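See below for input_27.txt, which holds compact mmCIF, C-alpha atoms.
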# COMPACT_ATOMS: atom_id res chain seq x y z
CA SER A 346 -0.97 -6.95 -2.76
CA PHE A 347 -4.01 -5.45 -4.51
CA LYS A 348 -1.84 -4.57 -7.49
CA SER A 349 -0.40 -8.08 -7.64
CA ARG A 350 -3.88 -9.65 -7.46
CA THR A 351 -5.08 -7.29 -10.18
CA PHE A 352 -2.05 -8.11 -12.29
CA ILE A 353 -2.59 -11.86 -11.84
CA HIS A 354 -6.29 -11.44 -12.71
CA ILE A 355 -5.41 -9.46 -15.83
CA CYS A 356 -2.82 -12.06 -16.87
CA THR A 357 -5.41 -14.83 -16.40
CA LEU A 358 -7.95 -12.92 -18.49
CA ILE A 359 -5.36 -12.32 -21.19
CA SER A 360 -4.40 -16.00 -21.23
CA GLU A 361 -8.04 -17.13 -21.44
CA SER A 362 -8.81 -14.57 -24.12
CA LYS A 363 -5.78 -15.58 -26.18
CA SER A 364 -6.80 -19.24 -25.96
CA SER A 365 -10.34 -18.42 -27.01
CA LEU A 366 -9.06 -16.18 -29.80
CA ARG A 367 -6.84 -18.99 -31.15
CA MET A 368 -9.80 -21.36 -31.16
CA LEU A 369 -12.05 -18.84 -32.90
CA ARG A 370 -9.38 -18.04 -35.46
CA SER A 371 -8.96 -21.71 -36.29
CA GLN A 372 -12.74 -22.05 -36.72
CA PHE A 373 -12.75 -18.91 -38.85
CA GLU A 374 -9.90 -20.22 -41.02
CA GLU A 375 -11.69 -23.54 -41.45
CA ILE A 376 -14.91 -21.82 -42.56
CA LYS A 377 -12.97 -19.45 -44.78
CA THR A 378 -11.24 -22.40 -46.44
CA ARG A 379 -14.59 -24.10 -47.07
CA ILE A 380 -15.99 -20.92 -48.60
CA GLU A 381 -12.94 -20.48 -50.84
CA LYS A 382 -13.17 -24.09 -52.01
CA SER A 383 -16.86 -23.68 -52.70
CA GLU A 384 -16.28 -20.48 -54.64
CA LEU A 385 -13.67 -22.19 -56.76
CA LEU A 386 -16.03 -25.04 -57.49
CA ALA A 387 -19.12 -22.89 -58.10
CA ARG A 388 -17.25 -20.14 -59.99
CA GLY A 389 -19.97 -17.74 -59.09
CA THR A 390 -21.16 -15.49 -56.33
CA LEU A 391 -22.63 -16.87 -53.16
CA ASP A 392 -25.83 -15.58 -51.67
CA GLU A 393 -26.62 -15.96 -47.96
CA GLY A 394 -28.37 -19.31 -48.44
CA THR A 395 -25.52 -20.71 -50.50
CA LEU A 396 -23.05 -19.37 -47.93
CA ALA A 397 -24.91 -21.13 -45.15
CA GLU A 398 -24.82 -24.38 -47.12
CA THR A 399 -21.13 -23.87 -47.89
CA ILE A 400 -20.07 -23.51 -44.30
CA GLY A 401 -21.85 -26.70 -43.50
CA GLY A 402 -25.29 -26.01 -42.50
CA SER A 403 -28.16 -23.81 -41.69
CA ARG A 404 -29.06 -20.36 -40.60
CA GLU A 405 -28.55 -21.60 -37.03
CA GLU A 406 -24.89 -22.12 -37.78
CA MET A 407 -24.76 -18.65 -39.35
CA ARG A 408 -26.26 -17.23 -36.17
CA ARG A 409 -23.76 -19.21 -34.12
CA PHE A 410 -20.97 -17.86 -36.31
CA GLU A 411 -22.21 -14.30 -35.72
CA VAL A 412 -22.38 -14.95 -31.94
CA VAL A 413 -18.86 -16.32 -31.96
CA THR A 414 -17.67 -13.32 -33.98
CA GLY A 415 -19.34 -10.96 -31.47
CA ARG A 416 -17.73 -12.81 -28.58
CA MET A 417 -14.37 -12.61 -30.31
CA ASP A 418 -14.85 -8.84 -30.76
CA ARG A 419 -15.71 -8.43 -27.06
CA GLN A 420 -12.69 -10.48 -26.04
CA THR A 421 -10.51 -8.38 -28.32
CA GLU A 422 -11.84 -5.26 -26.61
CA SER A 423 -11.17 -6.89 -23.23
CA LEU A 424 -7.61 -7.68 -24.33
CA LEU A 425 -7.08 -4.10 -25.47
CA GLU A 426 -8.41 -2.79 -22.14
CA SER A 427 -6.13 -5.21 -20.26
CA LYS A 428 -3.20 -4.04 -22.35
CA ARG A 429 -4.06 -0.40 -21.55
CA ILE A 430 -4.23 -1.21 -17.82
CA LEU A 431 -0.94 -3.08 -18.04
CA THR A 432 0.69 -0.10 -19.77
CA GLU A 433 -0.61 2.25 -17.05
CA THR A 434 0.68 -0.13 -14.37
CA GLU A 435 4.11 -0.20 -16.03
CA GLU A 436 4.18 3.62 -16.13
CA ILE A 437 3.28 3.80 -12.44
CA ALA A 438 5.96 1.22 -11.65
CA MET A 439 8.55 3.25 -13.57
CA ASP A 440 7.55 6.40 -11.63
CA VAL A 441 7.79 4.55 -8.33
CA THR A 442 11.19 3.14 -9.29
CA SER A 443 12.41 6.60 -10.22
CA ASN A 444 11.16 8.03 -6.92
CA LEU A 445 12.81 5.21 -4.99
CA ALA A 446 16.14 5.86 -6.74
CA SER A 447 15.89 9.56 -5.93
CA ASN A 448 15.02 8.80 -2.29
CA ARG A 449 17.94 6.37 -2.05
CA GLU A 450 20.36 9.03 -3.27
CA SER A 451 18.95 11.49 -0.74
CA ILE A 452 19.27 8.97 2.09
CA LEU A 453 22.85 8.12 1.14
CA SER A 454 23.74 11.83 1.02
CA SER A 455 22.18 12.38 4.46
CA HIS A 456 24.01 9.36 5.82
CA GLU A 457 27.34 10.76 4.60
CA ARG A 458 26.62 14.14 6.23
CA ILE A 459 25.76 12.38 9.50
CA ARG A 460 29.08 10.52 9.38
CA GLU A 461 30.92 13.80 8.80
CA THR A 462 29.03 15.42 11.68
CA GLY A 463 29.88 12.44 13.88
CA GLY A 464 33.56 12.98 13.04
CA PHE A 465 33.31 16.65 14.02
CA ILE A 466 31.62 15.71 17.29
CA GLY A 467 34.42 13.27 18.08
CA GLN A 468 37.04 15.97 17.42
CA GLY A 469 35.12 18.43 19.58
CA GLN A 470 34.92 15.94 22.46
CA ARG A 471 38.69 15.32 22.36
CA LEU A 472 39.38 19.06 22.31
CA LEU A 473 37.08 19.64 25.29
CA ARG A 474 38.75 16.82 27.28
CA ARG A 475 42.18 18.37 26.64
CA MET A 476 40.91 21.80 27.67
CA GLN A 477 39.39 20.33 30.86
CA ALA A 478 42.66 18.53 31.64
CA ARG A 479 44.62 21.80 31.19
CA GLU A 480 42.12 23.64 33.39
CA SER A 481 42.39 20.94 36.06
CA ARG A 482 46.22 21.17 35.99
CA ARG A 483 46.08 24.98 36.28
CA LYS A 484 43.71 24.74 39.25
CA LEU A 485 46.02 22.21 40.90
CA VAL A 486 49.05 24.43 40.34
CA LEU A 487 47.19 27.51 41.58
CA THR A 488 45.91 25.67 44.65
CA SER A 489 49.41 24.36 45.35
CA VAL A 490 50.89 27.87 45.07
CA MET A 491 48.21 29.27 47.36
CA ILE A 492 48.86 26.58 49.97
CA PHE A 493 52.62 27.16 49.71
CA LEU A 494 52.20 30.94 50.14
CA PHE A 495 49.84 30.45 53.03
CA LEU A 496 52.32 28.14 54.73
CA VAL A 497 55.18 30.57 54.08
CA PHE A 498 53.27 33.52 55.58
CA VAL A 499 51.81 31.67 58.51
CA LEU A 500 54.97 29.91 59.56
Translate this structure into structure tokens?
Amino acid sequence: SFKSRTFIHICTLISESKSSLRMLRSQFEEIKTRIEKSELLARGTLDEGTLAETIGGSREEMRRFEVVTGRMDRQTESLLESKRILTETEEIAMDVTSNLASNRESILSSHERIRETGGFIGQGQRLLRRMQARESRRKLVLTSVMIFLFLVFVL
């Protein structure tokens, strides 16, 4: 349950980060396109002031661009950490699956041995019943002979 909640949380983070990354990439591509167009038109190098004008504004927008870039870097790191955790979780799941398969084989083997033992017990019970029946018949015959001999000697 904890693992499933963690997995769901990680998937949500990944989804949000991917969405944010797509948005930031599109903004980056738009700014990059503006810069490339400006460079083609100016046919010269751009200094920081010219770059700020090219991307549509002021130093505030440059600062915003840097903040967005930093956020994108942090989200990339978060995605990489989530991917690492997901990989570890997959490895643990594979180990658990392997252990479960091994345990299943062991249980099936034990079950088969129990069935065989049960068969031996059944054979032993039948043999004992036959031996008891023979013993009972012998006792009956012996008792009958003793009674007959007693009657022959007494009468």
* To do: Would you mind telling me which residue in A:Leu473, A:Val499, A:Phe373, A:Ile359 lies nearest to Arg429 of chain A when using only C-alpha atoms?
  =>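 Closest to Arg429 of chain A, using only C-alpha atoms: A:Ile359.
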* To do: Have a look at atom CA of Ile355 of chain A and atom CA of Glu433 of chain A and let me know their distance in Å, one decimal.
  =>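 Atom CA of Glu433 of chain A lies 12.7 Å from atom CA of Ile355 of chain A.
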* Smallest atom-to-atom distance to Thr421 of chain A: which of A:Ser383, A:Ser362, A:Ser447, A:Thr434, using all atoms listed in the file? ->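 Comparing A:Ser383, A:Ser362, A:Ser447, A:Thr434 against Thr421 of chain A, the winner is A:Ser362.
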* Using only C-alpha atoms, pick whichever of A:Gln468, A:Gln420, A:Ser349, A:Thr442 has the shortest atom-to-atom distance to Leu369 of chain A. => A:Gln420
* **Distance of atom CA of Glu422 of chain A from atom CA of Arg350 of chain A, expressed in Å to one decimal place** => 21.2 Å
* What does the distance from atom CA of Asp418 of chain A to atom CA of Glu436 of chain A come to in Å, to one decimal? ->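 Between atom CA of Asp418 of chain A and atom CA of Glu436 of chain A the gap works out to 27.0 Å.
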What's the 12 Å shell around Ser364 of chain A, counting only C-alpha atoms, without same-chain residues fewer than 6 positions away, as a PDB file with C-alpha atoms, in the coordinates of the input?
ATOM      1  CA  THR A 357      -5.410 -14.830 -16.400  1.00  0.00           C
ATOM      2  CA  LEU A 358      -7.950 -12.920 -18.490  1.00  0.00           C
ATOM      3  CA  ARG A 370      -9.380 -18.040 -35.460  1.00  0.00           C
ATOM      4  CA  SER A 371      -8.960 -21.710 -36.290  1.00  0.00           C
ATOM      5  CA  MET A 417     -14.370 -12.610 -30.310  1.00  0.00           C
ATOM      6  CA  GLN A 420     -12.690 -10.480 -26.040  1.00  0.00           C
ATOM      7  CA  THR A 421     -10.510  -8.380 -28.320  1.00  0.00           C
ATOM      8  CA  LEU A 424      -7.610  -7.680 -24.330  1.00  0.00           C
TER       9      LEU A 424
END
* Which is closest to Arg416 of chain A among A:Leu366, A:Leu472, A:Val497, A:Leu487, if we use all atoms listed in the file? ->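 Under the stated criterion, the closest residue is A:Leu366.
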* To do: Pick out the closest residue to Lys377 of chain A from this set: A:Arg458, A:Ser423, A:Phe410, A:Val490. Count all atoms listed in the file.
  =>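 That would be A:Phe410, the residue with the smallest distance to Lys377 of chain A.
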* To do: Name the closest residue to Thr351 of chain A among the candidates A:Leu431, A:Ile380, A:Ile459, A:Ile452; distances are taken between atoms, counting all atoms listed in the file.
  =>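 Closest candidate: A:Leu431.
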